[in-house]
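Next comes query03.txt, a file with compact mmCIF, N, CA and C atoms.
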# COMPACT_ATOMS: atom_id res chain seq x y z
N MET A 236 -3.75 8.23 -21.31
CA MET A 236 -3.46 7.91 -19.92
C MET A 236 -4.34 6.76 -19.45
N PHE A 237 -3.80 5.84 -18.73
CA PHE A 237 -4.55 4.70 -18.24
C PHE A 237 -5.37 5.09 -17.03
N GLY A 238 -6.43 4.35 -16.80
CA GLY A 238 -7.24 4.55 -15.61
C GLY A 238 -6.52 4.03 -14.38
N LEU A 239 -7.03 4.36 -13.23
CA LEU A 239 -6.44 3.95 -11.97
C LEU A 239 -7.07 2.65 -11.52
N ALA A 240 -6.29 1.62 -11.34
CA ALA A 240 -6.79 0.35 -10.83
C ALA A 240 -6.95 0.50 -9.32
N LEU A 241 -8.05 0.07 -8.81
CA LEU A 241 -8.34 0.21 -7.39
C LEU A 241 -8.28 -1.15 -6.71
N VAL A 242 -7.55 -1.24 -5.62
CA VAL A 242 -7.44 -2.47 -4.86
C VAL A 242 -7.80 -2.12 -3.43
N LEU A 243 -8.85 -2.72 -2.89
CA LEU A 243 -9.34 -2.37 -1.57
C LEU A 243 -8.91 -3.36 -0.50
N ALA A 244 -8.21 -2.90 0.51
CA ALA A 244 -7.89 -3.64 1.72
C ALA A 244 -7.81 -5.15 1.52
N LEU A 245 -6.94 -5.55 0.64
CA LEU A 245 -6.80 -6.96 0.34
C LEU A 245 -6.12 -7.70 1.47
N SER A 246 -6.44 -8.96 1.57
CA SER A 246 -5.76 -9.77 2.57
C SER A 246 -4.33 -10.05 2.09
N SER A 247 -3.51 -10.46 3.00
CA SER A 247 -2.13 -10.76 2.67
C SER A 247 -2.09 -11.87 1.62
N ASN A 248 -1.04 -11.86 0.81
CA ASN A 248 -0.84 -12.83 -0.27
C ASN A 248 -1.86 -12.69 -1.39
N SER A 249 -2.40 -11.51 -1.59
CA SER A 249 -3.33 -11.25 -2.68
C SER A 249 -2.56 -10.92 -3.95
N SER A 250 -3.24 -11.11 -5.08
CA SER A 250 -2.64 -10.82 -6.38
C SER A 250 -3.27 -9.56 -6.97
N ILE A 251 -2.43 -8.77 -7.61
CA ILE A 251 -2.85 -7.55 -8.28
C ILE A 251 -2.32 -7.63 -9.71
N ILE A 252 -3.19 -7.39 -10.68
CA ILE A 252 -2.79 -7.43 -12.08
C ILE A 252 -3.04 -6.06 -12.69
N VAL A 253 -1.98 -5.46 -13.26
CA VAL A 253 -2.08 -4.13 -13.86
C VAL A 253 -1.28 -4.08 -15.16
N LYS A 254 -1.49 -3.01 -15.92
CA LYS A 254 -0.72 -2.78 -17.14
C LYS A 254 0.49 -1.91 -16.82
N VAL A 255 1.51 -1.99 -17.68
CA VAL A 255 2.69 -1.14 -17.54
C VAL A 255 2.24 0.32 -17.53
N ASP A 256 2.82 1.12 -16.67
CA ASP A 256 2.55 2.55 -16.49
C ASP A 256 1.16 2.85 -15.95
N GLN A 257 0.44 1.84 -15.50
CA GLN A 257 -0.89 2.05 -14.93
C GLN A 257 -0.75 2.27 -13.42
N PRO A 258 -1.19 3.43 -12.94
CA PRO A 258 -1.20 3.60 -11.49
C PRO A 258 -2.24 2.68 -10.85
N PHE A 259 -1.95 2.22 -9.65
CA PHE A 259 -2.93 1.44 -8.89
C PHE A 259 -2.81 1.81 -7.42
N GLN A 260 -3.87 1.56 -6.69
CA GLN A 260 -3.84 1.92 -5.27
C GLN A 260 -4.24 0.74 -4.41
N ILE A 261 -3.66 0.75 -3.23
CA ILE A 261 -3.99 -0.24 -2.21
C ILE A 261 -4.52 0.55 -1.02
N ARG A 262 -5.71 0.18 -0.56
CA ARG A 262 -6.34 0.84 0.59
C ARG A 262 -6.31 -0.13 1.76
N LEU A 263 -5.74 0.34 2.85
CA LEU A 263 -5.60 -0.50 4.04
C LEU A 263 -6.16 0.23 5.26
N ASN A 264 -6.74 -0.54 6.15
CA ASN A 264 -7.30 0.04 7.37
C ASN A 264 -6.18 0.47 8.32
N VAL A 265 -6.40 1.62 8.96
CA VAL A 265 -5.51 2.13 10.00
C VAL A 265 -6.36 2.60 11.16
N THR A 266 -5.72 2.76 12.31
CA THR A 266 -6.40 3.32 13.47
C THR A 266 -5.91 4.75 13.64
N ALA A 267 -6.82 5.70 13.51
CA ALA A 267 -6.47 7.12 13.55
C ALA A 267 -5.85 7.50 14.89
N GLY A 268 -4.84 8.35 14.83
CA GLY A 268 -4.24 8.92 16.03
C GLY A 268 -3.24 8.05 16.76
N THR A 269 -2.90 6.89 16.22
CA THR A 269 -1.96 6.00 16.91
C THR A 269 -0.52 6.18 16.45
N GLY A 270 -0.34 6.87 15.32
CA GLY A 270 1.00 7.05 14.78
C GLY A 270 1.41 5.96 13.81
N TYR A 271 0.63 4.91 13.72
CA TYR A 271 0.95 3.84 12.78
C TYR A 271 0.55 4.22 11.36
N SER A 272 1.37 3.78 10.40
CA SER A 272 1.04 3.97 8.99
C SER A 272 1.65 2.82 8.20
N TRP A 273 1.14 2.64 6.99
CA TRP A 273 1.64 1.61 6.09
C TRP A 273 2.74 2.19 5.21
N ARG A 274 3.78 1.39 4.98
CA ARG A 274 4.84 1.80 4.06
C ARG A 274 5.44 0.54 3.43
N PRO A 275 6.00 0.70 2.23
CA PRO A 275 6.66 -0.45 1.61
C PRO A 275 7.91 -0.82 2.40
N GLN A 276 8.12 -2.11 2.53
CA GLN A 276 9.34 -2.57 3.18
C GLN A 276 10.50 -2.32 2.22
N THR A 277 11.62 -1.87 2.74
CA THR A 277 12.77 -1.57 1.89
C THR A 277 13.66 -2.79 1.76
N PRO A 278 14.33 -2.96 0.66
CA PRO A 278 14.22 -2.12 -0.53
C PRO A 278 12.91 -2.42 -1.27
N MET A 279 12.34 -1.39 -1.87
CA MET A 279 11.12 -1.57 -2.63
C MET A 279 11.45 -2.30 -3.93
N PRO A 280 10.55 -3.17 -4.39
CA PRO A 280 10.83 -3.92 -5.62
C PRO A 280 11.09 -2.99 -6.81
N SER A 281 12.09 -3.35 -7.62
CA SER A 281 12.31 -2.58 -8.84
C SER A 281 11.10 -2.81 -9.73
N GLY A 282 10.78 -1.84 -10.52
CA GLY A 282 9.61 -1.95 -11.39
C GLY A 282 8.36 -1.33 -10.80
N LEU A 283 8.43 -0.93 -9.52
CA LEU A 283 7.30 -0.24 -8.87
C LEU A 283 7.78 1.10 -8.34
N THR A 284 6.92 2.10 -8.45
CA THR A 284 7.21 3.42 -7.89
C THR A 284 6.06 3.81 -6.98
N LEU A 285 6.38 4.24 -5.76
CA LEU A 285 5.37 4.77 -4.86
C LEU A 285 5.13 6.22 -5.25
N LEU A 286 3.91 6.54 -5.68
CA LEU A 286 3.58 7.89 -6.14
C LEU A 286 3.05 8.78 -5.03
N ARG A 287 2.27 8.20 -4.12
CA ARG A 287 1.57 9.05 -3.15
C ARG A 287 1.02 8.18 -2.02
N VAL A 288 0.95 8.76 -0.82
CA VAL A 288 0.30 8.12 0.32
C VAL A 288 -0.59 9.18 0.97
N PHE A 289 -1.84 8.81 1.24
CA PHE A 289 -2.73 9.75 1.92
C PHE A 289 -3.76 8.99 2.75
N ASN A 290 -4.35 9.68 3.71
CA ASN A 290 -5.39 9.10 4.56
C ASN A 290 -6.75 9.55 4.09
N GLU A 291 -7.69 8.65 4.19
CA GLU A 291 -9.07 8.95 3.88
C GLU A 291 -9.89 8.66 5.12
N PRO A 292 -10.15 9.69 5.93
CA PRO A 292 -10.91 9.45 7.16
C PRO A 292 -12.34 9.04 6.83
N ARG A 293 -12.89 8.25 7.68
CA ARG A 293 -14.28 7.85 7.52
C ARG A 293 -15.17 8.90 8.17
N ALA A 294 -16.43 8.87 7.86
CA ALA A 294 -17.38 9.83 8.44
C ALA A 294 -17.31 9.76 9.96
N ASN A 295 -17.38 10.90 10.59
CA ASN A 295 -17.34 11.01 12.06
C ASN A 295 -16.09 10.38 12.64
N SER A 296 -14.95 10.58 11.97
CA SER A 296 -13.70 10.03 12.42
C SER A 296 -13.26 10.66 13.74
N ILE A 297 -12.79 9.82 14.66
CA ILE A 297 -12.29 10.28 15.96
C ILE A 297 -10.94 9.61 16.21
N PRO A 298 -10.10 10.19 17.08
CA PRO A 298 -8.84 9.53 17.41
C PRO A 298 -9.12 8.12 17.96
N GLY A 299 -8.38 7.18 17.45
CA GLY A 299 -8.59 5.79 17.85
C GLY A 299 -9.64 5.09 17.01
N GLY A 300 -10.28 5.84 16.11
CA GLY A 300 -11.32 5.27 15.26
C GLY A 300 -10.75 4.76 13.95
N PRO A 301 -11.58 4.10 13.18
CA PRO A 301 -11.12 3.53 11.92
C PRO A 301 -10.91 4.58 10.84
N SER A 302 -9.94 4.35 10.00
CA SER A 302 -9.63 5.20 8.86
C SER A 302 -9.01 4.31 7.80
N GLN A 303 -8.75 4.87 6.63
CA GLN A 303 -8.06 4.12 5.59
C GLN A 303 -6.87 4.90 5.10
N GLU A 304 -5.78 4.19 4.86
CA GLU A 304 -4.61 4.77 4.25
C GLU A 304 -4.54 4.26 2.82
N VAL A 305 -4.26 5.17 1.89
CA VAL A 305 -4.24 4.83 0.48
C VAL A 305 -2.80 5.00 -0.02
N LEU A 306 -2.25 3.94 -0.58
CA LEU A 306 -0.91 3.97 -1.18
C LEU A 306 -1.09 3.83 -2.69
N VAL A 307 -0.57 4.80 -3.44
CA VAL A 307 -0.71 4.80 -4.89
C VAL A 307 0.66 4.47 -5.49
N PHE A 308 0.69 3.44 -6.33
CA PHE A 308 1.90 2.97 -6.98
C PHE A 308 1.74 3.05 -8.49
N ARG A 309 2.87 2.97 -9.19
CA ARG A 309 2.86 2.81 -10.65
C ARG A 309 3.78 1.65 -10.98
N ALA A 310 3.29 0.80 -11.88
CA ALA A 310 4.10 -0.32 -12.36
C ALA A 310 4.86 0.16 -13.58
N ASN A 311 6.19 0.06 -13.54
CA ASN A 311 7.04 0.62 -14.59
C ASN A 311 7.49 -0.38 -15.65
N ALA A 312 7.39 -1.67 -15.36
CA ALA A 312 7.91 -2.68 -16.30
C ALA A 312 7.09 -3.96 -16.18
N ALA A 313 6.98 -4.66 -17.29
CA ALA A 313 6.25 -5.93 -17.29
C ALA A 313 7.01 -6.96 -16.46
N GLY A 314 6.26 -7.87 -15.85
CA GLY A 314 6.85 -8.93 -15.04
C GLY A 314 6.05 -9.19 -13.79
N LYS A 315 6.62 -9.96 -12.89
CA LYS A 315 5.96 -10.29 -11.63
C LYS A 315 6.90 -9.94 -10.49
N THR A 316 6.35 -9.34 -9.45
CA THR A 316 7.15 -8.98 -8.29
C THR A 316 6.31 -9.12 -7.03
N HIS A 317 6.96 -9.07 -5.90
CA HIS A 317 6.26 -9.16 -4.61
C HIS A 317 6.46 -7.84 -3.86
N LEU A 318 5.36 -7.29 -3.39
CA LEU A 318 5.36 -6.04 -2.64
C LEU A 318 4.97 -6.36 -1.21
N ARG A 319 5.82 -5.96 -0.28
CA ARG A 319 5.54 -6.21 1.13
C ARG A 319 5.35 -4.87 1.83
N LEU A 320 4.21 -4.71 2.48
CA LEU A 320 3.90 -3.47 3.21
C LEU A 320 3.93 -3.76 4.71
N GLU A 321 4.45 -2.80 5.47
CA GLU A 321 4.52 -2.95 6.91
C GLU A 321 3.79 -1.82 7.61
N TYR A 322 3.12 -2.15 8.70
CA TYR A 322 2.35 -1.20 9.50
C TYR A 322 3.21 -0.83 10.70
N VAL A 323 3.79 0.37 10.67
CA VAL A 323 4.79 0.77 11.66
C VAL A 323 4.57 2.20 12.12
N ARG A 324 5.23 2.53 13.20
CA ARG A 324 5.37 3.93 13.61
C ARG A 324 6.74 4.36 13.08
N PRO A 325 6.78 5.33 12.15
CA PRO A 325 8.02 5.67 11.45
C PRO A 325 9.18 6.06 12.36
N TRP A 326 8.91 6.59 13.51
CA TRP A 326 9.99 7.05 14.39
C TRP A 326 10.58 5.92 15.25
N GLU A 327 9.90 4.80 15.35
CA GLU A 327 10.41 3.70 16.14
C GLU A 327 11.46 2.91 15.35
N ARG A 328 12.57 2.64 15.97
CA ARG A 328 13.66 1.89 15.33
C ARG A 328 13.79 0.52 15.99
N ASN A 329 14.21 -0.45 15.21
CA ASN A 329 14.44 -1.81 15.72
C ASN A 329 13.21 -2.41 16.39
N VAL A 330 12.03 -2.10 15.85
CA VAL A 330 10.78 -2.64 16.35
C VAL A 330 10.11 -3.38 15.20
N LYS A 331 9.63 -4.58 15.46
CA LYS A 331 8.95 -5.35 14.42
C LYS A 331 7.65 -4.64 14.03
N PRO A 332 7.28 -4.72 12.75
CA PRO A 332 6.00 -4.13 12.32
C PRO A 332 4.83 -4.76 13.06
N ALA A 333 3.82 -3.95 13.34
CA ALA A 333 2.62 -4.46 14.01
C ALA A 333 1.85 -5.40 13.08
N LYS A 334 1.91 -5.12 11.76
CA LYS A 334 1.23 -5.95 10.77
C LYS A 334 2.07 -5.97 9.50
N LEU A 335 1.91 -7.02 8.71
CA LEU A 335 2.54 -7.14 7.40
C LEU A 335 1.50 -7.57 6.38
N GLN A 336 1.60 -7.05 5.18
CA GLN A 336 0.76 -7.44 4.06
C GLN A 336 1.68 -7.72 2.88
N THR A 337 1.45 -8.80 2.16
CA THR A 337 2.26 -9.14 1.00
C THR A 337 1.36 -9.29 -0.21
N TYR A 338 1.78 -8.72 -1.33
CA TYR A 338 1.02 -8.76 -2.57
C TYR A 338 1.91 -9.26 -3.70
N THR A 339 1.34 -10.04 -4.59
CA THR A 339 2.01 -10.42 -5.82
C THR A 339 1.49 -9.49 -6.91
N ILE A 340 2.39 -8.72 -7.50
CA ILE A 340 2.02 -7.76 -8.54
C ILE A 340 2.44 -8.34 -9.88
N THR A 341 1.47 -8.53 -10.78
CA THR A 341 1.74 -9.00 -12.13
C THR A 341 1.46 -7.84 -13.07
N VAL A 342 2.48 -7.47 -13.84
CA VAL A 342 2.39 -6.32 -14.74
C VAL A 342 2.52 -6.83 -16.17
N HIS A 343 1.57 -6.43 -17.01
CA HIS A 343 1.61 -6.87 -18.42
C HIS A 343 1.50 -5.67 -19.34
N GLU A 344 1.90 -5.88 -20.60
CA GLU A 344 1.87 -4.79 -21.61
C GLU A 344 0.45 -4.41 -21.93
Mind converting the file's structure to structure tokens?
Amino acid sequence: MFGLALVLALSSNSSIIVKVDQPFQIRLNVTAGTGYSWRPQTPMPSGLTLLRVFNEPRANSIPGGPSQEVLVFRANAAGKTHLRLEYVRPWERNVKPAKLQTYTITVHE
């Protein structure tokens, strides 16, 4: 089994390089208690699978305080793709994302 590649709160247009079948995670800042969360923009790129999403509160976390959301993906095939994440409230429809992050994912054997 491959190790987990860790990617911390990268700026938009960052590059991530992983091996096929290697899980990797992206950690992004969120504001606790606002209802906003990060999710992949649909349709999600082929060759990537979202495995898990969870929050990692910081010490002494309070509503409105800083937290991190962790998105864990697996790269299924070699190649290059673009992953776009949006910071949204899932229940709101026809509303532009509050933030967008774009990553170039390069997957090799």
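Nearest residue to His317 in chain A, choosing from A:Ile297, A:Thr337, A:Lys331, A:Phe289 and counting all atoms listed in the file: A:Thr337.
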At what distance in Å, to one decimal, does CA of Arg309 in chain A lie from atom N of Pro275 in chain A?
13.4 Å
Considering only C-alpha atoms, state which residue in the set A:Ile261, A:Gly270, A:Gln303, A:Ser250 is at the smallest distance from Ala333 in chain A.
A:Gly270
Go through A:Thr339, A:Asn329, A:Ser302, A:Asn290 and flag the residue nearest Ala267 in chain A, using all atoms listed in the file for the distances.
A:Ser302
Pairwise distance, CA of Gly282 in chain A with CA of Tyr338 in chain A, equals 14.1 Å
Those of chain A in DSSP strand (DSSP E or B), formatted as a PyMOL selection string
chain A and resi 240-243+249-254+258-266+272-275+283-292+301-310+314-323+334-343
